[in-house]
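**Q** This is coords.csv, which holds CSV, C-alpha atoms and all ligand atoms:
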```csv
chain,number,residue,atom,x,y,z
A,8,MET,CA,-49.4,-92.5,17.1
A,9,ASN,CA,-46.3,-94.7,16.9
A,10,ILE,CA,-43.3,-92.7,18.3
A,11,PRO,CA,-39.9,-94.4,18.4
A,12,MET,CA,-37.0,-93.5,20.7
A,13,VAL,CA,-34.9,-92.5,17.7
A,14,ASP,CA,-35.6,-92.4,13.9
A,15,LEU,CA,-32.4,-93.5,12.3
A,16,LYS,CA,-34.1,-94.4,9.1
A,17,GLY,CA,-35.7,-91.0,8.7
A,18,GLN,CA,-32.3,-89.4,9.2
A,19,TYR,CA,-30.6,-91.7,6.7
A,20,LEU,CA,-33.2,-90.8,4.1
A,21,THR,CA,-32.4,-87.1,4.4
A,22,LEU,CA,-28.7,-87.8,3.8
A,23,LYS,CA,-29.1,-90.8,1.5
A,24,SER,CA,-27.9,-89.4,-1.8
A,25,GLU,CA,-24.8,-87.9,-0.2
A,26,ILE,CA,-24.0,-91.0,1.9
A,27,ASP,CA,-24.6,-93.5,-0.9
A,28,ALA,CA,-22.4,-91.6,-3.3
A,29,ALA,CA,-19.5,-91.2,-0.8
A,30,ILE,CA,-19.7,-94.9,0.1
A,31,ILE,CA,-19.5,-95.9,-3.5
A,32,GLU,CA,-16.5,-93.6,-4.0
A,33,ALA,CA,-14.7,-95.2,-1.0
A,34,LEU,CA,-15.5,-98.7,-2.2
A,35,GLY,CA,-13.8,-97.7,-5.5
A,36,GLU,CA,-10.7,-96.4,-3.6
A,37,THR,CA,-10.4,-99.7,-1.7
A,38,ARG,CA,-8.3,-98.1,1.1
A,39,PHE,CA,-10.4,-99.8,3.8
A,40,ILE,CA,-8.0,-99.7,6.8
A,41,LEU,CA,-6.8,-96.3,8.2
A,42,GLY,CA,-7.7,-94.8,4.8
A,43,PRO,CA,-8.1,-91.2,3.8
A,44,ASN,CA,-11.6,-90.7,5.2
A,45,VAL,CA,-10.4,-91.9,8.7
A,46,GLN,CA,-7.5,-89.4,8.6
A,47,ALA,CA,-9.8,-86.6,7.4
A,48,PHE,CA,-12.4,-87.4,10.0
A,49,GLU,CA,-9.8,-87.3,12.8
A,50,GLN,CA,-8.6,-83.9,11.7
A,51,GLU,CA,-12.2,-82.6,11.3
A,52,THR,CA,-13.3,-83.9,14.8
A,53,ALA,CA,-10.1,-82.5,16.4
A,54,ASP,CA,-11.0,-79.1,14.9
A,55,TYR,CA,-14.7,-79.4,15.9
A,56,LEU,CA,-13.9,-80.3,19.5
A,57,GLY,CA,-11.0,-77.8,19.9
A,58,VAL,CA,-8.5,-80.5,20.8
A,59,LYS,CA,-5.0,-81.2,19.5
A,60,HIS,CA,-5.4,-84.9,18.6
A,61,ALA,CA,-8.4,-87.1,17.8
A,62,VAL,CA,-7.5,-90.8,17.4
A,63,SER,CA,-10.3,-93.0,16.1
A,64,CYS,CA,-10.9,-96.6,17.1
A,65,ALA,CA,-13.4,-99.4,16.9
A,66,SER,CA,-15.9,-98.5,19.6
A,67,GLY,CA,-16.6,-96.3,22.6
A,68,THR,CA,-15.7,-99.2,24.9
A,69,ASP,CA,-12.3,-99.4,23.2
A,70,ALA,CA,-11.9,-95.7,23.4
A,71,LEU,CA,-12.1,-95.9,27.2
A,72,HIS,CA,-9.8,-99.0,27.3
A,73,LEU,CA,-7.2,-97.3,25.1
A,74,ALA,CA,-7.4,-94.1,27.1
A,75,LEU,CA,-6.8,-96.0,30.4
A,76,ARG,CA,-3.8,-97.8,28.9
A,77,ALA,CA,-2.4,-94.6,27.5
A,78,ALA,CA,-2.8,-93.0,30.9
A,79,GLY,CA,-0.8,-95.9,32.4
A,80,ILE,CA,-3.6,-97.2,34.6
A,81,GLY,CA,-3.2,-100.9,35.4
A,82,GLU,CA,-3.2,-103.7,38.0
A,83,GLY,CA,-3.7,-102.6,41.6
A,84,ASP,CA,-4.9,-99.1,40.6
A,85,GLU,CA,-8.3,-97.6,41.5
A,86,VAL,CA,-10.4,-95.4,39.2
A,87,ILE,CA,-13.2,-93.3,40.6
A,88,THR,CA,-16.4,-93.2,38.4
A,89,SER,CA,-20.1,-93.0,38.4
A,90,PRO,CA,-22.3,-96.0,39.1
A,91,PHE,CA,-25.1,-94.4,37.0
A,92,THR,CA,-23.8,-95.2,33.5
A,93,PHE,CA,-23.6,-97.9,30.8
A,94,ILE,CA,-21.4,-100.8,31.9
A,95,ALA,CA,-18.7,-100.1,29.4
A,96,THR,CA,-17.3,-97.3,31.6
A,97,ALA,CA,-16.4,-99.7,34.4
A,98,GLU,CA,-15.7,-102.7,32.1
A,99,ALA,CA,-12.9,-100.7,30.6
A,100,ILE,CA,-11.4,-100.1,34.1
A,101,ARG,CA,-11.5,-103.9,34.7
A,102,TYR,CA,-9.9,-104.6,31.3
A,103,VAL,CA,-6.7,-102.9,32.4
A,104,GLY,CA,-6.7,-104.8,35.8
A,105,ALA,CA,-7.8,-101.8,37.8
A,106,THR,CA,-10.7,-101.5,40.3
A,107,PRO,CA,-13.7,-99.2,39.7
A,108,VAL,CA,-14.7,-97.2,42.8
A,109,PHE,CA,-18.2,-95.9,42.5
A,110,VAL,CA,-19.2,-92.5,44.0
A,111,ASP,CA,-22.8,-91.5,44.4
A,112,ILE,CA,-24.5,-89.1,41.9
A,113,ASP,CA,-25.9,-85.6,42.1
A,114,PRO,CA,-29.8,-85.9,42.3
A,115,LEU,CA,-30.3,-82.9,39.9
A,116,THR,CA,-27.8,-83.5,37.1
A,117,LEU,CA,-27.5,-87.3,37.6
A,118,ASN,CA,-23.7,-86.9,37.1
A,119,ILE,CA,-21.1,-88.0,39.6
A,120,ASP,CA,-21.4,-85.9,42.8
A,121,SER,CA,-18.1,-84.0,42.8
A,122,ALA,CA,-18.5,-83.1,46.5
A,123,GLN,CA,-18.2,-86.8,47.3
A,124,ILE,CA,-15.1,-87.7,45.3
A,125,ASN,CA,-12.5,-86.5,47.8
A,126,ALA,CA,-13.7,-89.1,50.4
A,127,ALA,CA,-13.1,-91.9,47.8
A,128,VAL,CA,-9.5,-91.0,47.1
A,129,ASN,CA,-6.7,-93.1,48.7
A,130,ALA,CA,-3.1,-94.1,47.9
A,131,ARG,CA,-4.2,-96.4,45.1
A,132,THR,CA,-6.4,-93.9,43.3
A,133,ARG,CA,-5.0,-93.0,39.8
A,134,ALA,CA,-7.8,-91.6,37.8
A,135,ILE,CA,-11.3,-90.2,37.7
A,136,ILE,CA,-13.8,-91.0,34.9
A,137,PRO,CA,-16.6,-88.5,34.9
A,138,VAL,CA,-19.4,-89.6,32.6
A,139,HIS,CA,-21.3,-86.7,30.9
A,140,ILE,CA,-24.5,-88.6,31.4
A,141,PHE,CA,-27.4,-88.2,28.8
A,142,GLY,CA,-25.4,-85.3,27.2
A,143,GLN,CA,-25.1,-83.1,30.3
A,144,PRO,CA,-21.5,-82.2,31.3
A,145,ALA,CA,-20.2,-83.2,34.7
A,146,ASP,CA,-18.7,-80.6,37.2
A,147,MET,CA,-15.4,-80.5,35.4
A,148,ASP,CA,-13.8,-77.6,37.3
A,149,GLU,CA,-14.4,-79.3,40.7
A,150,ILE,CA,-13.1,-82.6,39.2
A,151,LEU,CA,-10.0,-81.1,37.7
A,152,ASP,CA,-9.2,-79.4,41.1
A,153,ILE,CA,-9.4,-82.8,42.9
A,154,ALA,CA,-7.3,-84.4,40.2
A,155,ASP,CA,-4.7,-81.6,40.6
A,156,GLN,CA,-4.6,-82.0,44.3
A,157,TYR,CA,-4.0,-85.8,44.2
A,158,ASP,CA,-2.2,-86.0,40.9
A,159,LEU,CA,-4.9,-88.1,39.2
A,160,LYS,CA,-5.7,-88.4,35.5
A,161,VAL,CA,-9.1,-87.3,34.2
A,162,ILE,CA,-10.6,-89.4,31.5
A,163,GLU,CA,-14.0,-88.0,30.3
A,164,ASP,CA,-16.6,-90.5,29.1
A,165,CYS,CA,-18.1,-88.5,26.3
A,166,ALA,CA,-20.0,-91.4,24.7
A,167,GLN,CA,-23.3,-89.5,25.2
A,168,SER,CA,-22.0,-85.9,25.0
A,169,PHE,CA,-20.6,-85.1,21.5
A,170,GLY,CA,-20.9,-81.3,21.1
A,171,SER,CA,-21.8,-80.4,24.6
A,172,ARG,CA,-20.0,-77.5,26.2
A,173,TYR,CA,-18.9,-76.9,29.8
A,174,ARG,CA,-18.0,-73.2,30.6
A,175,GLY,CA,-17.2,-72.7,26.9
A,176,SER,CA,-15.1,-75.8,26.3
A,177,MET,CA,-16.3,-78.9,24.5
A,178,THR,CA,-16.5,-82.0,26.5
A,179,GLY,CA,-13.6,-84.2,25.5
A,180,ALA,CA,-11.2,-81.2,25.4
A,181,ILE,CA,-11.2,-80.6,29.2
A,182,GLY,CA,-9.6,-83.6,30.9
A,183,ASP,CA,-6.4,-85.5,30.0
A,184,VAL,CA,-8.3,-87.7,27.6
A,185,GLY,CA,-11.9,-87.9,26.2
A,186,ALA,CA,-13.5,-91.1,25.0
A,187,PHE,CA,-16.4,-91.0,22.4
A,188,SER,CA,-18.8,-93.6,21.0
A,189,PHE,CA,-20.3,-93.6,17.6
A,190,PHE,CA,-22.9,-96.3,18.3
A,191,PRO,CA,-25.7,-95.7,15.8
A,192,SER,CA,-28.1,-94.0,18.2
A,193,LYS,CA,-25.5,-91.6,19.7
A,194,ASN,CA,-25.7,-87.8,18.9
A,195,LEU,CA,-23.0,-88.5,16.3
A,196,GLY,CA,-23.6,-92.1,15.3
A,197,CYS,CA,-22.3,-94.3,12.5
A,198,TYR,CA,-23.8,-97.4,10.9
A,199,GLY,CA,-22.1,-99.9,13.1
A,200,ASP,CA,-19.5,-99.5,15.9
A,201,GLY,CA,-17.0,-96.8,16.1
A,202,GLY,CA,-15.1,-94.7,18.7
A,203,LEU,CA,-12.7,-91.8,19.2
A,204,VAL,CA,-10.1,-90.7,21.8
A,205,THR,CA,-9.2,-87.1,22.1
A,206,THR,CA,-6.2,-85.5,23.9
A,207,HIS,CA,-4.1,-82.3,23.9
A,208,SER,CA,-1.0,-84.5,24.6
A,209,ASP,CA,1.3,-85.5,21.8
A,210,GLU,CA,2.7,-88.3,23.9
A,211,TYR,CA,-0.8,-89.8,24.6
A,212,ALA,CA,-1.8,-89.5,21.0
A,213,GLN,CA,1.3,-91.3,19.8
A,214,GLN,CA,0.6,-94.2,22.3
A,215,LEU,CA,-3.1,-94.3,21.3
A,216,LYS,CA,-2.1,-94.8,17.7
A,217,VAL,CA,0.3,-97.6,18.6
A,218,TYR,CA,-2.2,-99.4,20.9
A,219,ARG,CA,-5.1,-99.3,18.4
A,220,ASN,CA,-2.9,-100.9,15.7
A,221,HIS,CA,-1.4,-104.0,17.3
A,222,GLY,CA,1.2,-102.1,19.3
A,223,SER,CA,2.9,-101.0,16.1
A,224,SER,CA,4.4,-97.6,15.2
A,225,GLN,CA,5.8,-98.9,11.9
A,226,PRO,CA,4.7,-101.9,9.9
A,227,TYR,CA,5.7,-105.3,11.4
A,228,HIS,CA,7.6,-103.6,14.4
A,229,HIS,CA,5.6,-104.3,17.5
A,230,ASP,CA,6.7,-102.3,20.6
A,231,VAL,CA,4.0,-103.4,23.0
A,232,ILE,CA,1.0,-105.7,23.0
A,233,GLY,CA,-1.8,-103.7,21.4
A,234,TYR,CA,-5.2,-104.3,19.9
A,235,ASN,CA,-7.0,-104.4,16.5
A,236,SER,CA,-9.2,-101.4,17.2
A,237,ARG,CA,-9.4,-99.2,14.1
A,238,LEU,CA,-12.4,-97.1,12.9
A,239,ASP,CA,-13.6,-98.6,9.6
A,240,GLU,CA,-13.1,-96.4,6.5
A,241,LEU,CA,-16.8,-96.7,5.5
A,242,GLN,CA,-17.9,-95.6,9.0
A,243,ALA,CA,-15.6,-92.6,8.7
A,244,VAL,CA,-17.3,-91.7,5.4
A,245,ILE,CA,-20.7,-91.6,7.2
A,246,LEU,CA,-19.4,-89.8,10.2
A,247,ARG,CA,-17.7,-87.0,8.1
A,248,ILE,CA,-21.1,-86.3,6.4
A,249,LYS,CA,-23.0,-86.4,9.7
A,250,LEU,CA,-20.5,-84.2,11.5
A,251,LYS,CA,-21.4,-81.4,9.1
A,252,HIS,CA,-25.0,-81.6,10.5
A,253,LEU,CA,-24.2,-82.2,14.1
A,254,ALA,CA,-24.7,-78.6,15.3
A,255,ASP,CA,-28.2,-78.6,13.8
A,256,TYR,CA,-28.9,-82.0,15.2
A,257,ASN,CA,-28.0,-80.9,18.7
A,258,ARG,CA,-29.9,-77.6,18.3
A,259,ASN,CA,-33.0,-79.7,17.4
A,260,ARG,CA,-32.5,-82.0,20.3
A,261,ARG,CA,-32.5,-78.9,22.6
A,262,ARG,CA,-35.6,-77.6,20.9
A,263,VAL,CA,-37.4,-80.9,21.6
A,264,ALA,CA,-36.2,-80.9,25.2
A,265,GLU,CA,-37.4,-77.3,25.7
A,266,THR,CA,-40.8,-78.3,24.6
A,267,TYR,CA,-40.9,-81.3,26.9
A,268,ASN,CA,-39.7,-79.0,29.8
A,269,ARG,CA,-42.4,-76.5,29.1
A,270,LEU,CA,-45.3,-79.0,28.7
A,271,LEU,CA,-44.3,-81.0,31.8
A,272,ALA,CA,-43.4,-77.9,33.9
A,273,ASP,CA,-46.5,-78.1,36.1
A,274,SER,CA,-46.6,-81.9,36.4
A,275,PRO,CA,-45.2,-84.0,39.3
A,276,VAL,CA,-42.5,-85.3,36.9
A,277,GLU,CA,-39.0,-83.8,37.6
A,278,THR,CA,-37.6,-82.5,34.3
A,279,PRO,CA,-33.8,-82.3,33.7
A,280,ALA,CA,-31.9,-79.7,35.6
A,281,LEU,CA,-30.1,-77.2,33.3
A,282,PRO,CA,-27.2,-75.4,35.1
A,283,GLN,CA,-26.4,-72.1,33.2
A,284,ASP,CA,-22.7,-72.8,32.8
A,285,ARG,CA,-23.1,-75.9,30.5
A,286,ASP,CA,-24.9,-77.0,27.4
A,287,HIS,CA,-26.9,-80.2,27.6
A,288,VAL,CA,-27.0,-82.0,24.2
A,289,PHE,CA,-29.9,-84.3,25.2
A,290,HIS,CA,-28.6,-87.7,24.0
A,291,GLN,CA,-31.5,-88.8,26.3
A,292,TYR,CA,-34.4,-86.8,27.7
A,293,THR,CA,-34.7,-88.3,31.1
A,294,VAL,CA,-37.1,-87.4,33.9
A,295,LEU,CA,-37.7,-88.7,37.4
A,296,ALA,CA,-41.1,-89.8,38.5
A,297,ASP,CA,-42.4,-91.7,41.5
A,298,ASN,CA,-44.8,-93.7,39.3
A,299,ARG,CA,-42.3,-94.3,36.6
A,300,ASP,CA,-43.6,-97.8,35.8
A,301,ALA,CA,-47.2,-96.7,35.4
A,302,ILE,CA,-46.0,-93.9,33.0
A,303,ARG,CA,-44.0,-96.5,31.1
A,304,GLU,CA,-46.9,-98.9,30.7
A,305,HIS,CA,-49.3,-96.1,29.7
A,306,LEU,CA,-46.9,-94.9,27.0
A,307,LEU,CA,-46.1,-98.3,25.6
A,308,ALA,CA,-49.8,-99.1,25.4
A,309,GLN,CA,-50.2,-96.1,23.1
A,310,GLN,CA,-47.2,-97.2,21.0
A,311,ILE,CA,-45.0,-94.5,22.4
A,312,ALA,CA,-41.5,-95.8,23.1
A,313,CYS,CA,-39.8,-95.1,26.4
A,314,ALA,CA,-36.9,-96.7,28.2
A,315,VAL,CA,-35.3,-97.0,31.6
A,316,TYR,CA,-31.6,-96.0,31.6
A,317,TYR,CA,-30.4,-97.5,33.9
A,318,PRO,CA,-32.5,-99.9,36.0
A,319,ILE,CA,-29.6,-101.5,37.9
A,320,PRO,CA,-26.7,-99.2,38.9
A,321,LEU,CA,-23.2,-100.6,38.3
A,322,HIS,CA,-22.4,-101.2,42.0
A,323,GLN,CA,-25.4,-103.5,42.1
A,324,GLN,CA,-24.6,-105.5,39.0
A,325,LYS,CA,-23.5,-109.2,39.3
A,326,ALA,CA,-20.4,-108.4,37.2
A,327,PHE,CA,-19.1,-106.3,40.1
A,328,ALA,CA,-20.3,-108.6,42.9
A,329,ASP,CA,-16.7,-109.1,44.0
A,330,ALA,CA,-16.2,-105.4,44.6
A,331,PRO,CA,-16.7,-104.1,48.1
A,332,ARG,CA,-20.5,-103.6,48.7
A,333,VAL,CA,-21.4,-99.9,49.0
A,334,SER,CA,-24.6,-98.1,49.5
A,335,LEU,CA,-25.2,-95.2,47.1
A,336,PRO,CA,-28.7,-94.0,48.1
A,337,VAL,CA,-29.1,-91.2,45.5
A,338,THR,CA,-28.2,-93.6,42.6
A,339,GLU,CA,-30.4,-96.3,44.0
A,340,SER,CA,-33.4,-94.0,44.3
A,341,VAL,CA,-32.8,-92.5,40.8
A,342,ALA,CA,-32.7,-96.0,39.3
A,343,THR,CA,-36.2,-96.7,40.5
A,344,ARG,CA,-37.6,-93.3,39.3
A,345,CYS,CA,-35.8,-92.5,36.0
A,346,VAL,CA,-37.5,-92.9,32.6
A,347,SER,CA,-36.4,-91.6,29.2
A,348,PHE,CA,-38.8,-90.3,26.5
A,349,PRO,CA,-38.2,-90.3,22.7
A,350,ILE,CA,-35.8,-87.6,21.5
A,351,PHE,CA,-34.2,-87.2,18.1
A,352,PRO,CA,-33.4,-84.2,15.9
A,353,GLU,CA,-36.3,-84.9,13.5
A,354,MET,CA,-38.9,-85.2,16.2
A,355,THR,CA,-41.9,-82.8,15.5
A,356,GLU,CA,-43.6,-80.6,18.1
A,357,GLN,CA,-46.7,-82.6,17.5
A,358,GLN,CA,-44.9,-85.8,18.5
A,359,VAL,CA,-43.6,-84.2,21.7
A,360,GLU,CA,-47.1,-82.9,22.5
A,361,THR,CA,-48.4,-86.5,22.0
A,362,VAL,CA,-45.8,-87.9,24.4
A,363,CYS,CA,-46.5,-85.2,27.0
A,364,GLN,CA,-50.3,-85.7,26.8
A,365,ALA,CA,-49.8,-89.4,27.5
A,366,VAL,CA,-47.4,-88.7,30.4
A,367,LEU,CA,-49.9,-86.2,31.9
A,368,GLU,CA,-52.7,-88.8,31.6
A,369,ALA,CA,-50.5,-91.3,33.5
A,370,VAL,CA,-49.5,-89.0,36.3
B,401,LIG,C1,-21.7,-93.7,28.9
B,401,LIG,C2,-21.2,-94.7,27.9
B,401,LIG,N1,-19.9,-95.1,27.9
B,401,LIG,C3,-19.4,-96.0,27.0
B,401,LIG,C4,-20.2,-96.5,26.0
B,401,LIG,C5,-19.6,-97.6,25.1
B,401,LIG,O1,-19.7,-97.2,23.7
B,401,LIG,P1,-19.8,-98.4,22.6
B,401,LIG,O2,-21.1,-98.9,22.6
B,401,LIG,O3,-19.5,-97.6,21.3
B,401,LIG,O4,-18.7,-99.4,22.9
B,401,LIG,C6,-21.6,-96.2,25.9
B,401,LIG,C7,-22.4,-96.7,24.9
B,401,LIG,O5,-23.5,-97.0,24.9
B,401,LIG,C8,-22.1,-95.2,26.9
B,401,LIG,O6,-23.4,-94.8,26.8
```
Starting from the file, give its structure as structure tokens.
Ligand SMILES: Cc1ncc(COP(=O)(O)O)c(C=O)c1O

**A**
Amino acid sequence: MNIPMVDLKGQYLTLKSEIDAAIIEALGETRFILGPNVQAFEQETADYLGVKHAVSCASGTDALHLALRAAGIGEGDEVITSPFTFIATAEAIRYVGATPVFVDIDPLTLNIDSAQINAAVNARTRAIIPVHIFGQPADMDEILDIADQYDLKVIEDCAQSFGSRYRGSMTGAIGDVGAFSFFPSKNLGCYGDGGLVTTHSDEYAQQLKVYRNHGSSQPYHHDVIGYNSRLDELQAVILRIKLKHLADYNRNRRRVAETYNRLLADSPVETPALPQDRDHVFHQYTVLADNRDAIREHLLAQQIACAVYYPIPLHQQKAFADAPRVSLPVTESVATRCVSFPIFPEMTEQQVETVCQAVLEAV
């Protein structure tokens, strides 16, 4: 059975008539830049996430970059983050001239280990970027306490966590700023690139709007050097439709994950830890296994997709070769043992059983 990591086409087909009609309508309106769908989407996501402002932009990478600029992070500053994430998290830190400082991860949740953050703080530290990796919220209360103690900003990387909750609050509504990605395969994905920054602060929201639009608060008046980073009107059309289904999509991802957890419970594979105080939205279903490469080969031979996120942690990437060399043993070990299996809202129980059967054969 051919099982993909995600089934974007299957999902599009269930929404096709609604999406096609709404796109044709937007084409007829011809208000392509910061048009009515972008404005409506920003209000709808702010309401959904329980946050005062949602400012859309061109990608999740830009969302992080704009968030760092709005928070005033720049040359000479240090920003603490996780080494076990997509490179965009740390790229954005470099874009503003700051230095990423990588702290090891928790072996159970794979998120930054909040107990190790204190030791990385020094006089140059200005912010922490926790990444809610694979859709599982990081230890936000502990992180907010440290930020309070040292007067640091907290920028949540929510690229993988749209709709996940930590102690009742949505991720993206907890720190000073939240940065989201709408890359097509994300829990809320568009049909191209897109991103969003969330904040409760009026001041940050105003700055984010200026930065995303060429540093301009009124046409042809440019107060600062900004960027061309706006969410496309047609992407906003798609996102507004998909947002209405997001709770269902996330519920189905959890259903799939629960089946995986049950079927793999007695195997040597370590299934994701699920702390009671937070909701995982399973952007990825990632396990740890000593014979990860054998599992991978066995699945691929049976046309079952699987992927390794992330084989090289950021502190070992060439792009950060000029940063001080650190040893982060948990991250380094996880990078050799992690493997992600297919997960998407439309995945059937039979498909999950087929993947688990192949995994059990391999182990
Ligand atoms: C954790 C994380 N941060 C940031 C990004 C960047 O988002 P985008 O691809 O929309 O620029 C991604 C996207 O893959 C991500 O997974």

**Q** Show me which residues are within 7 Å of ligand LIG 401 (chain B) counting all atoms listed in the file, and format the list as a list in words.

**A**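 Within the 7 Å cut-off, the matching residues are Ser66, Gly67, Thr68, Asp69, Thr92, Phe93, Ala95, Thr96, Val138, Ile140, Asp164, Cys165, Ala166, Gln167, Ser188, Phe189, Phe190, Asp200, Gly201 and Gly202 of chain A.
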
**Q** Got time to write the residues from that selection, C-alpha atoms, as a compact mmCIF listing (two decimals), in the coordinates of the input?

**A**
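The resulting file, selection-v7.txt, is shown below:
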```
# COMPACT_ATOMS: atom_id res chain seq x y z
CA SER A 66 -15.90 -98.50 19.60
CA GLY A 67 -16.60 -96.30 22.60
CA THR A 68 -15.70 -99.20 24.90
CA ASP A 69 -12.30 -99.40 23.20
CA THR A 92 -23.80 -95.20 33.50
CA PHE A 93 -23.60 -97.90 30.80
CA ALA A 95 -18.70 -100.10 29.40
CA THR A 96 -17.30 -97.30 31.60
CA VAL A 138 -19.40 -89.60 32.60
CA ILE A 140 -24.50 -88.60 31.40
CA ASP A 164 -16.60 -90.50 29.10
CA CYS A 165 -18.10 -88.50 26.30
CA ALA A 166 -20.00 -91.40 24.70
CA GLN A 167 -23.30 -89.50 25.20
CA SER A 188 -18.80 -93.60 21.00
CA PHE A 189 -20.30 -93.60 17.60
CA PHE A 190 -22.90 -96.30 18.30
CA ASP A 200 -19.50 -99.50 15.90
CA GLY A 201 -17.00 -96.80 16.10
CA GLY A 202 -15.10 -94.70 18.70
```

**Q** Determine, counting all atoms listed in the file, which protein, DNA and RNA residues have an atom within 9 Å of an atom of Met354 (chain A); residues of the same chain fewer than 5 positions away are not included. Present the result as an NGL selection string.

**A** :A and (10 or 13-14 or 259-260 or 263 or 349 or 359)

**Q** CA of Tyr317 (chain A) and CA of Ala296 (chain A), how far apart in Å?

**A**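 According to the coordinates, CA of Ala296 (chain A) and CA of Tyr317 (chain A) are separated by 14.0 Å.
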
**Q** Would you mind listing what lies within 12 Å of Gln310 (chain A) as a tab-separated table (two decimals) with C-alpha atoms, in the frame of the given file, with only C-alpha atoms counted and same-chain residues fewer than 5 positions away left out?

**A**
```
chain	number	residue	atom	x	y	z
A	8	MET	CA	-49.40	-92.50	17.10
A	9	ASN	CA	-46.30	-94.70	16.90
A	10	ILE	CA	-43.30	-92.70	18.30
A	11	PRO	CA	-39.90	-94.40	18.40
A	12	MET	CA	-37.00	-93.50	20.70
A	303	ARG	CA	-44.00	-96.50	31.10
A	304	GLU	CA	-46.90	-98.90	30.70
A	305	HIS	CA	-49.30	-96.10	29.70
A	349	PRO	CA	-38.20	-90.30	22.70
A	358	GLN	CA	-44.90	-85.80	18.50
A	361	THR	CA	-48.40	-86.50	22.00
A	362	VAL	CA	-45.80	-87.90	24.40
A	365	ALA	CA	-49.80	-89.40	27.50
```

**Q** Which of these residues is nearest to Ile319 (chain A), using only C-alpha atoms: A:Ala126, A:Ala342, A:Leu151, A:Ala65?

**A** A:Ala342

**Q** Can you take the partial region 291-303 of chain A, add N, CA and C atoms, and return it as a PDB file, keeping the file's coordinate frame?

**A**
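part.pdb written:
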```pdb
ATOM      1  N   GLN A 291     -30.238 -88.256  25.751  1.00  0.00           N
ATOM      2  CA  GLN A 291     -31.500 -88.800  26.300  1.00  0.00           C
ATOM      3  C   GLN A 291     -32.259 -87.624  26.934  1.00  0.00           C
ATOM      4  N   TYR A 292     -33.588 -87.686  26.879  1.00  0.00           N
ATOM      5  CA  TYR A 292     -34.400 -86.800  27.700  1.00  0.00           C
ATOM      6  C   TYR A 292     -34.959 -87.632  28.827  1.00  0.00           C
ATOM      7  N   THR A 293     -34.388 -87.461  30.016  1.00  0.00           N
ATOM      8  CA  THR A 293     -34.700 -88.300  31.100  1.00  0.00           C
ATOM      9  C   THR A 293     -35.309 -87.561  32.287  1.00  0.00           C
ATOM     10  N   VAL A 294     -36.447 -88.035  32.774  1.00  0.00           N
ATOM     11  CA  VAL A 294     -37.100 -87.400  33.900  1.00  0.00           C
ATOM     12  C   VAL A 294     -37.130 -88.354  35.090  1.00  0.00           C
ATOM     13  N   LEU A 295     -37.476 -87.820  36.253  1.00  0.00           N
ATOM     14  CA  LEU A 295     -37.700 -88.700  37.400  1.00  0.00           C
ATOM     15  C   LEU A 295     -39.122 -88.591  37.836  1.00  0.00           C
ATOM     16  N   ALA A 296     -39.692 -89.753  38.138  1.00  0.00           N
ATOM     17  CA  ALA A 296     -41.100 -89.800  38.500  1.00  0.00           C
ATOM     18  C   ALA A 296     -41.339 -90.931  39.489  1.00  0.00           C
ATOM     19  N   ASP A 297     -42.184 -90.660  40.522  1.00  0.00           N
ATOM     20  CA  ASP A 297     -42.400 -91.700  41.500  1.00  0.00           C
ATOM     21  C   ASP A 297     -43.186 -92.881  40.915  1.00  0.00           C
ATOM     22  N   ASN A 298     -44.083 -92.585  39.972  1.00  0.00           N
ATOM     23  CA  ASN A 298     -44.800 -93.700  39.300  1.00  0.00           C
ATOM     24  C   ASN A 298     -44.311 -93.992  37.954  1.00  0.00           C
ATOM     25  N   ARG A 299     -42.993 -94.103  37.873  1.00  0.00           N
ATOM     26  CA  ARG A 299     -42.300 -94.300  36.600  1.00  0.00           C
ATOM     27  C   ARG A 299     -42.873 -95.542  35.833  1.00  0.00           C
ATOM     28  N   ASP A 300     -43.150 -96.642  36.554  1.00  0.00           N
ATOM     29  CA  ASP A 300     -43.600 -97.800  35.800  1.00  0.00           C
ATOM     30  C   ASP A 300     -44.981 -97.672  35.246  1.00  0.00           C
ATOM     31  N   ALA A 301     -45.841 -96.923  35.940  1.00  0.00           N
ATOM     32  CA  ALA A 301     -47.200 -96.700  35.400  1.00  0.00           C
ATOM     33  C   ALA A 301     -47.084 -95.780  34.153  1.00  0.00           C
ATOM     34  N   ILE A 302     -46.209 -94.800  34.193  1.00  0.00           N
ATOM     35  CA  ILE A 302     -46.000 -93.900  33.000  1.00  0.00           C
ATOM     36  C   ILE A 302     -45.545 -94.773  31.836  1.00  0.00           C
ATOM     37  N   ARG A 303     -44.605 -95.630  32.133  1.00  0.00           N
ATOM     38  CA  ARG A 303     -44.000 -96.500  31.100  1.00  0.00           C
ATOM     39  C   ARG A 303     -45.078 -97.346  30.431  1.00  0.00           C
TER      40      ARG A 303
END
```
